[in-house]
file query.cif (mmCIF, C-alpha atoms and all ligand atoms)
data_query
#
loop_
_atom_site.label_atom_id
_atom_site.label_comp_id
_atom_site.auth_asym_id
_atom_site.auth_seq_id
_atom_site.Cartn_x
_atom_site.Cartn_y
_atom_site.Cartn_z
CA MET A 1 98.51 81.62 110.61
CA SER A 2 99.28 84.15 107.86
CA PHE A 3 96.99 87.13 107.18
CA LEU A 4 96.28 85.85 103.65
CA GLU A 5 96.45 82.13 102.92
CA VAL A 6 95.72 80.83 99.45
CA ASP A 7 95.62 77.05 99.03
CA ASP A 8 95.06 74.99 95.95
CA LEU A 9 93.26 77.87 94.21
CA THR A 10 91.92 76.92 90.79
CA VAL A 11 89.83 79.16 88.54
CA ARG A 12 88.12 77.84 85.41
CA PHE A 13 86.19 79.63 82.69
CA GLY A 14 84.44 76.74 80.94
CA ASP A 15 87.25 74.48 79.78
CA THR A 16 89.94 77.15 80.24
CA VAL A 17 91.98 76.74 83.43
CA ALA A 18 93.11 80.31 84.15
CA VAL A 19 94.60 79.56 87.59
CA ASP A 20 95.82 76.06 88.29
CA HIS A 21 96.30 74.84 91.90
CA VAL A 22 98.01 77.97 93.16
CA GLY A 23 99.05 78.45 96.79
CA PHE A 24 100.88 81.16 98.72
CA ALA A 25 100.72 83.10 101.97
CA VAL A 26 101.25 86.73 102.98
CA GLU A 27 101.97 87.85 106.55
CA ASP A 28 100.10 90.83 108.02
CA THR A 29 102.76 93.33 106.97
CA GLY A 30 104.14 91.21 104.12
CA ARG A 31 104.25 92.08 100.46
CA LEU A 32 104.15 89.55 97.69
CA GLY A 33 104.83 90.36 94.07
CA ILE A 34 103.06 88.30 91.39
CA ILE A 35 104.88 88.40 88.11
CA GLY A 36 104.31 86.74 84.74
CA ALA A 37 103.58 87.42 81.11
CA SER A 38 100.21 88.47 79.75
CA GLY A 39 97.62 85.71 80.24
CA SER A 40 99.60 83.87 82.94
CA GLY A 41 96.79 84.22 85.51
CA LYS A 42 98.03 87.11 87.66
CA SER A 43 94.88 89.22 87.40
CA VAL A 44 92.50 86.29 87.74
CA THR A 45 94.33 85.31 90.96
CA SER A 46 93.97 88.81 92.42
CA LEU A 47 90.37 89.20 91.25
CA ALA A 48 89.53 85.83 92.84
CA ILE A 49 90.86 87.09 96.17
CA ALA A 50 88.90 90.35 95.85
CA GLY A 51 85.73 88.49 94.82
CA LEU A 52 85.52 90.43 91.57
CA LEU A 53 85.51 87.63 88.98
CA SER A 54 82.67 87.39 86.49
CA GLU A 55 79.87 84.94 87.28
CA THR A 56 81.17 82.52 84.64
CA ALA A 57 84.28 81.82 86.75
CA ARG A 58 84.36 78.59 88.77
CA VAL A 59 86.57 78.95 91.81
CA THR A 60 87.77 76.01 93.91
CA GLY A 61 90.33 75.73 96.69
CA SER A 62 90.68 78.03 99.64
CA ILE A 63 91.36 81.75 100.20
CA ARG A 64 91.54 82.69 103.89
CA LEU A 65 91.80 86.33 104.89
CA ASP A 66 92.48 86.94 108.56
CA GLY A 67 91.16 83.42 109.20
CA GLN A 68 87.94 83.89 107.21
CA GLU A 69 87.23 81.63 104.22
CA LEU A 70 86.37 83.72 101.15
CA VAL A 71 85.65 81.03 98.56
CA GLY A 72 81.88 80.68 98.40
CA LEU A 73 81.16 83.99 100.12
CA ARG A 74 77.99 85.80 98.98
CA GLU A 75 78.33 89.07 97.04
CA ARG A 76 76.81 91.02 99.94
CA GLU A 77 79.42 89.60 102.34
CA TYR A 78 82.18 90.32 99.86
CA ARG A 79 81.04 93.92 99.48
CA GLU A 80 81.25 94.32 103.25
CA LEU A 81 84.76 92.88 103.19
CA ARG A 82 85.90 95.14 100.33
CA GLY A 83 84.75 98.12 102.34
CA SER A 84 86.73 97.06 105.38
CA LYS A 85 89.43 94.40 105.22
CA LEU A 86 90.62 94.52 101.65
CA SER A 87 90.86 96.99 98.80
CA MET A 88 92.23 97.11 95.26
CA ILE A 89 94.22 99.60 93.24
CA PHE A 90 93.97 99.10 89.49
CA GLN A 91 96.01 100.21 86.53
CA GLU A 92 93.78 102.83 84.98
CA PRO A 93 92.53 105.44 87.43
CA MET A 94 90.42 107.06 84.71
CA THR A 95 88.15 104.02 84.55
CA ALA A 96 88.13 103.41 88.31
CA LEU A 97 87.00 106.98 89.06
CA ASP A 98 83.55 108.26 88.11
CA PRO A 99 84.18 110.87 85.36
CA THR A 100 80.99 112.78 86.17
CA MET A 101 81.70 113.37 89.85
CA ARG A 102 84.20 115.68 91.52
CA VAL A 103 87.08 113.76 93.09
CA GLY A 104 86.36 115.16 96.56
CA ARG A 105 82.78 113.86 96.45
CA GLN A 106 83.96 110.39 95.47
CA ILE A 107 86.37 110.39 98.39
CA ALA A 108 83.67 111.76 100.71
CA GLU A 109 81.43 108.79 99.83
CA VAL A 110 84.09 106.31 100.92
CA ILE A 111 84.73 108.37 104.05
CA ALA A 112 81.00 108.32 104.89
CA LEU A 113 80.95 104.51 104.75
CA HIS A 114 84.04 104.36 106.92
CA GLU A 115 82.66 106.80 109.50
CA ARG A 116 79.44 104.82 109.77
CA ARG A 117 81.46 101.71 110.52
CA SER A 118 84.24 103.07 112.72
CA GLY A 119 82.77 106.23 114.21
CA LYS A 120 86.00 108.00 113.31
CA ARG A 121 85.89 111.41 111.60
CA LEU A 122 88.03 111.94 108.52
CA THR A 123 88.19 114.82 106.05
CA VAL A 124 88.64 114.73 102.28
CA GLU A 125 91.49 117.20 102.43
CA ALA A 126 93.44 115.27 105.06
CA GLU A 127 93.01 112.02 103.12
CA LEU A 128 94.26 113.69 99.92
CA ALA A 129 97.19 115.25 101.80
CA ARG A 130 98.03 111.79 103.22
CA VAL A 131 98.79 110.59 99.68
CA GLY A 132 101.06 113.52 98.93
CA ILE A 133 98.63 115.86 97.15
CA ARG A 134 99.88 119.35 97.86
CA ASP A 135 96.75 121.29 96.91
CA PRO A 136 94.02 119.01 98.27
CA GLN A 137 91.29 121.63 98.09
CA ARG A 138 91.73 122.23 94.35
CA VAL A 139 92.11 118.52 93.61
CA GLY A 140 88.99 117.72 95.64
CA GLU A 141 87.00 120.26 93.62
CA SER A 142 88.24 118.88 90.28
CA PHE A 143 86.72 116.32 87.96
CA PRO A 144 89.02 113.36 87.18
CA HIS A 145 89.81 114.59 83.64
CA GLN A 146 91.11 117.87 85.06
CA LEU A 147 93.88 116.06 86.95
CA SER A 148 97.15 114.49 85.84
CA GLY A 149 97.50 110.70 85.71
CA GLY A 150 99.66 110.78 88.84
CA GLN A 151 97.11 112.87 90.76
CA ARG A 152 94.31 110.52 89.72
CA GLN A 153 96.28 107.51 90.90
CA ARG A 154 97.01 109.28 94.21
CA ALA A 155 93.27 109.94 94.63
CA LEU A 156 92.54 106.25 94.03
CA ILE A 157 95.21 105.22 96.51
CA ALA A 158 93.59 107.59 99.04
CA MET A 159 90.24 105.86 98.47
CA ALA A 160 91.83 102.42 98.80
CA ILE A 161 93.30 103.15 102.23
CA ILE A 162 90.52 105.20 103.84
CA ASN A 163 89.16 102.07 105.50
CA ARG A 164 92.65 101.14 106.65
CA PRO A 165 92.30 97.66 105.08
CA GLY A 166 94.56 94.84 106.22
CA LEU A 167 95.17 93.78 102.60
CA VAL A 168 95.65 95.98 99.55
CA ILE A 169 95.81 94.32 96.13
CA CYS A 170 97.66 96.41 93.57
CA ASP A 171 97.16 95.25 89.97
CA GLU A 172 99.60 97.00 87.60
CA PRO A 173 99.18 100.20 89.64
CA THR A 174 101.80 102.19 87.74
CA THR A 175 101.66 100.69 84.24
CA ALA A 176 99.68 103.57 82.73
CA LEU A 177 102.03 106.25 84.10
CA ASP A 178 105.21 107.72 82.63
CA VAL A 179 108.50 106.62 84.18
CA LEU A 180 109.02 109.63 86.44
CA VAL A 181 105.49 109.59 87.86
CA GLN A 182 105.75 105.80 88.15
CA LYS A 183 108.70 106.23 90.51
CA GLN A 184 106.79 108.73 92.66
CA ILE A 185 103.71 106.50 92.89
CA LEU A 186 105.85 103.47 93.79
CA GLY A 187 107.43 105.55 96.57
CA LEU A 188 103.97 106.50 97.82
CA LEU A 189 102.75 102.88 97.72
CA ASP A 190 105.85 101.79 99.60
CA GLU A 191 104.89 104.28 102.31
CA VAL A 192 101.15 103.62 102.56
CA LEU A 193 101.53 99.84 102.47
CA THR A 194 103.91 99.80 105.42
CA ASP A 195 101.47 98.61 108.07
CA ARG A 196 99.43 96.18 105.98
CA ALA A 197 99.65 93.14 103.76
CA ALA A 198 99.90 93.73 100.02
CA LEU A 199 99.78 91.78 96.79
CA PHE A 200 101.50 93.49 93.94
CA VAL A 201 100.68 92.26 90.43
CA SER A 202 102.88 93.33 87.54
CA HIS A 203 104.48 92.10 84.34
CA ASP A 204 107.43 94.38 85.18
CA LEU A 205 110.14 92.80 87.32
CA ALA A 206 111.85 96.14 88.00
CA VAL A 207 108.61 97.62 89.38
CA VAL A 208 107.97 94.63 91.64
CA ARG A 209 111.53 94.74 92.94
CA GLU A 210 111.02 98.36 94.08
CA VAL A 211 108.31 97.37 96.57
CA CYS A 212 108.46 93.62 97.25
CA ARG A 213 110.92 91.30 98.95
CA HIS A 214 109.21 88.11 97.81
CA ILE A 215 107.80 87.15 94.45
CA ILE A 216 106.00 84.33 92.76
CA VAL A 217 106.37 83.81 89.02
CA MET A 218 103.34 82.53 87.09
CA GLU A 219 103.14 80.86 83.73
CA HIS A 220 99.99 79.29 82.21
CA GLY A 221 98.12 79.66 85.52
CA ARG A 222 100.79 77.92 87.61
CA ILE A 223 103.46 79.11 90.00
CA VAL A 224 106.74 78.12 88.37
CA GLU A 225 109.12 79.81 90.79
CA GLN A 226 109.05 81.72 94.07
CA GLY A 227 111.43 83.25 96.55
CA ASP A 228 113.37 86.35 97.53
CA VAL A 229 113.18 88.79 94.61
CA ASP A 230 116.93 89.45 94.49
CA ASP A 231 117.73 85.71 94.61
CA VAL A 232 115.26 85.00 91.83
CA ILE A 233 116.77 87.74 89.68
CA ALA A 234 120.35 86.66 90.43
CA THR A 235 119.79 82.93 89.89
CA PRO A 236 116.49 82.17 88.16
CA GLU A 237 115.81 78.45 88.33
CA HIS A 238 113.03 78.15 85.82
CA GLU A 239 113.71 78.75 82.16
CA TYR A 240 110.66 81.02 81.89
CA THR A 241 111.91 83.18 84.79
CA ALA A 242 115.34 83.39 83.16
CA ARG A 243 113.65 84.79 80.06
CA LEU A 244 111.73 87.36 82.13
CA VAL A 245 114.96 88.42 83.84
CA ALA A 246 116.80 88.62 80.51
CA ALA A 247 113.99 90.73 79.04
CA ALA A 248 114.14 93.11 82.01
CA ARG A 249 117.93 93.58 81.85
CA GLY A 250 118.83 97.22 81.75
CA THR A 251 115.89 98.15 83.97
CA LEU A 252 116.95 96.05 86.98
N1 LIG B 1 86.20 86.48 82.06
C1 LIG B 1 86.99 85.57 81.44
N2 LIG B 1 86.47 84.64 80.65
C2 LIG B 1 87.25 83.72 80.04
N3 LIG B 1 88.58 83.64 80.17
C3 LIG B 1 89.17 84.56 80.95
C4 LIG B 1 88.42 85.57 81.63
N4 LIG B 1 89.28 86.34 82.34
C5 LIG B 1 90.52 85.82 82.12
N5 LIG B 1 90.45 84.77 81.29
C6 LIG B 1 91.59 83.94 80.84
O1 LIG B 1 92.36 83.58 81.96
C7 LIG B 1 93.75 83.55 81.65
C8 LIG B 1 94.53 84.37 82.64
O2 LIG B 1 94.22 85.75 82.49
P1 LIG B 1 94.79 86.92 83.42
O3 LIG B 1 94.02 88.15 83.07
O4 LIG B 1 94.80 86.49 84.82
O5 LIG B 1 96.28 87.05 82.92
P2 LIG B 1 97.33 88.12 83.38
O6 LIG B 1 98.55 87.35 83.75
O7 LIG B 1 96.79 89.01 84.42
O8 LIG B 1 97.59 88.91 82.05
P3 LIG B 1 97.64 90.50 81.81
O9 LIG B 1 99.00 90.92 82.27
O10 LIG B 1 97.48 90.62 80.33
O11 LIG B 1 96.53 91.12 82.58
C9 LIG B 1 93.86 84.03 80.21
O12 LIG B 1 93.99 82.91 79.38
C10 LIG B 1 92.55 84.75 79.98
O13 LIG B 1 92.19 84.68 78.62
#
call {"tool": "encode", "arguments": {"input": "query.cif", "output": "structure tokens"}}
result
Amino acid sequence: MSFLEVDDLTVRFGDTVAVDHVGFAVEDTGRLGIIGASGSGKSVTSLAIAGLLSETARVTGSIRLDGQELVGLREREYRELRGSKLSMIFQEPMTALDPTMRVGRQIAEVIALHERRSGKRLTVEAELARVGIRDPQRVGESFPHQLSGGQRQRALIAMAIINRPGLVICDEPTTALDVLVQKQILGLLDEVLTDRAALFVSHDLAVVREVCRHIIVMEHGRIVEQGDVDDVIATPEHEYTARLVAAARGTL
């Protein structure tokens, strides 16, 4: 049994089929890249797994995390799960962080939840240092707008791994960053995702290749190709994948 097993997942918004009979599996230290153009269903797939779709979404099929069925779970149960077994890292850290609260306090809140559950003591400074922040005290005392984009994303990554979740879903985690900082954050993700399962959503093939061995390619809500990332890039079988690879030439 894989750590994450998605079978026959379909998500509808009214008559729109956003995700169409999708299935894949991720082992407990595996990493799967989900790639595709805008509107192909990447985000809806990851939001379905995290239980963060709007109430208008109709989800059918099966999502099993560590053996537990998630489709049909109540919001309260999902919240419990998001605080323990799974977490998400989004594109824009400015919207994911509370602009009115110092970063250290936001991290302390997640730590408090974790300590209540695990009994383990953690400190804000150690958690910020874990994600490569060199001056954790200053960063902890800052408001989000006083930090660089890279520092904000590091703070969010710290929050996402405090509970040591078995699955981390990264949705375009470096898209908002400039190329140099993007490289650093990808290096950090590569490090912090080592002992867990990860889903890595991106429209950028070069980014996915940095961190994932396996990818699925989505178009119009369906998986049109999957396999080893280097094989897919070298010999794309689907015409849509070939176009993605051609568009990414020069960055691969
Ligand atoms: N809340 C919603 N209500 C109605 N339709 C939605 C909703 N969320 C997503 N969709 C539709 O589902 C489809 C898939 O969207 P999704 O956001 O998963 O694409 P994506 O591949 O992640 O694209 P992007 O890279 O732009 O984020 C799109 O046609 C989108 O319009």
call {"tool": "atom_distance", "arguments": {"input": "query.cif", "atom1": "atom CA of A:Ile215", "atom2": "atom CA of A:Phe200"}}
result
9.0 Å
call {"tool": "residues_near_ligand", "arguments": {"input": "query.cif", "ligand": "ligand LIG 1 (chain B)", "cutoff": "10 Å", "atoms": "all atoms listed in the file", "output": "VMD selection string"}}
result
chain A and resid 11 to 19 34 to 48 53 to 57 91 171 to 172 201 to 204 218 to 221
call {"tool": "closest_residue", "arguments": {"input": "query.cif", "among": "A:Ala155, A:Val208, A:Leu186, A:Ala50", "to": "A:Asp228", "atoms": "only C-alpha atoms"}}
result
A:Val208
call {"tool": "residues_around", "arguments": {"input": "query.cif", "residues": "stretch 140-154 of chain A", "least_positions_apart": "2", "cutoff": "7 Å", "atoms": "all atoms listed in the file", "output": "ChimeraX atom specification"}}
result
/A:93-94,97,99-104,131,136-138,156-158,177,181
call {"tool": "atom_distance", "arguments": {"input": "query.cif", "atom1": "atom CA of A:Glu109", "atom2": "atom CA of A:Leu81"}}
result
16.6 Å
call {"tool": "closest_residue", "arguments": {"input": "query.cif", "among": "A:Gly23, A:Pro173, A:Gly83, A:Gly166", "to": "A:Glu115", "atoms": "all atoms listed in the file"}}
result
A:Gly83
call {"tool": "atom_distance", "arguments": {"input": "query.cif", "atom1": "atom CA of A:Val179", "atom2": "atom CA of A:Gln226"}}
result
26.8 Å
call {"tool": "closest_residue", "arguments": {"input": "query.cif", "among": "A:Cys212, A:Val224, A:Ala112, A:Val229", "to": "A:His21", "atoms": "all atoms listed in the file"}}
result
A:Val224
call {"tool": "closest_residue", "arguments": {"input": "query.cif", "among": "A:Ser87, A:Thr241, A:Thr175, A:Thr29", "to": "A:Thr194", "atoms": "only C-alpha atoms"}}
result
A:Thr29
call {"tool": "axis_aligned_box", "arguments": {"input": "query.cif", "around": "stretch 56-72 of chain A", "padding_each_side": "4 Å", "output": "lines of an AutoDock Vina configuration file"}}
result
center_x = 86.8
center_y = 81.3
center_z = 96.9
size_x = 19.3
size_y = 19.2
size_z = 32.6
call {"tool": "closest_residue", "arguments": {"input": "query.cif", "among": "A:Ile216, A:Ile161, A:Ala126, A:Val139", "to": "A:Asp195", "atoms": "all atoms listed in the file"}}
result
A:Ile161
call {"tool": "residues_around", "arguments": {"input": "query.cif", "residues": "A:Ile169", "least_positions_apart": "2", "cutoff": "6 Å", "atoms": "only C-alpha atoms", "output": "list in words"}}
result
Met88, Ala198 and Leu199 of chain A
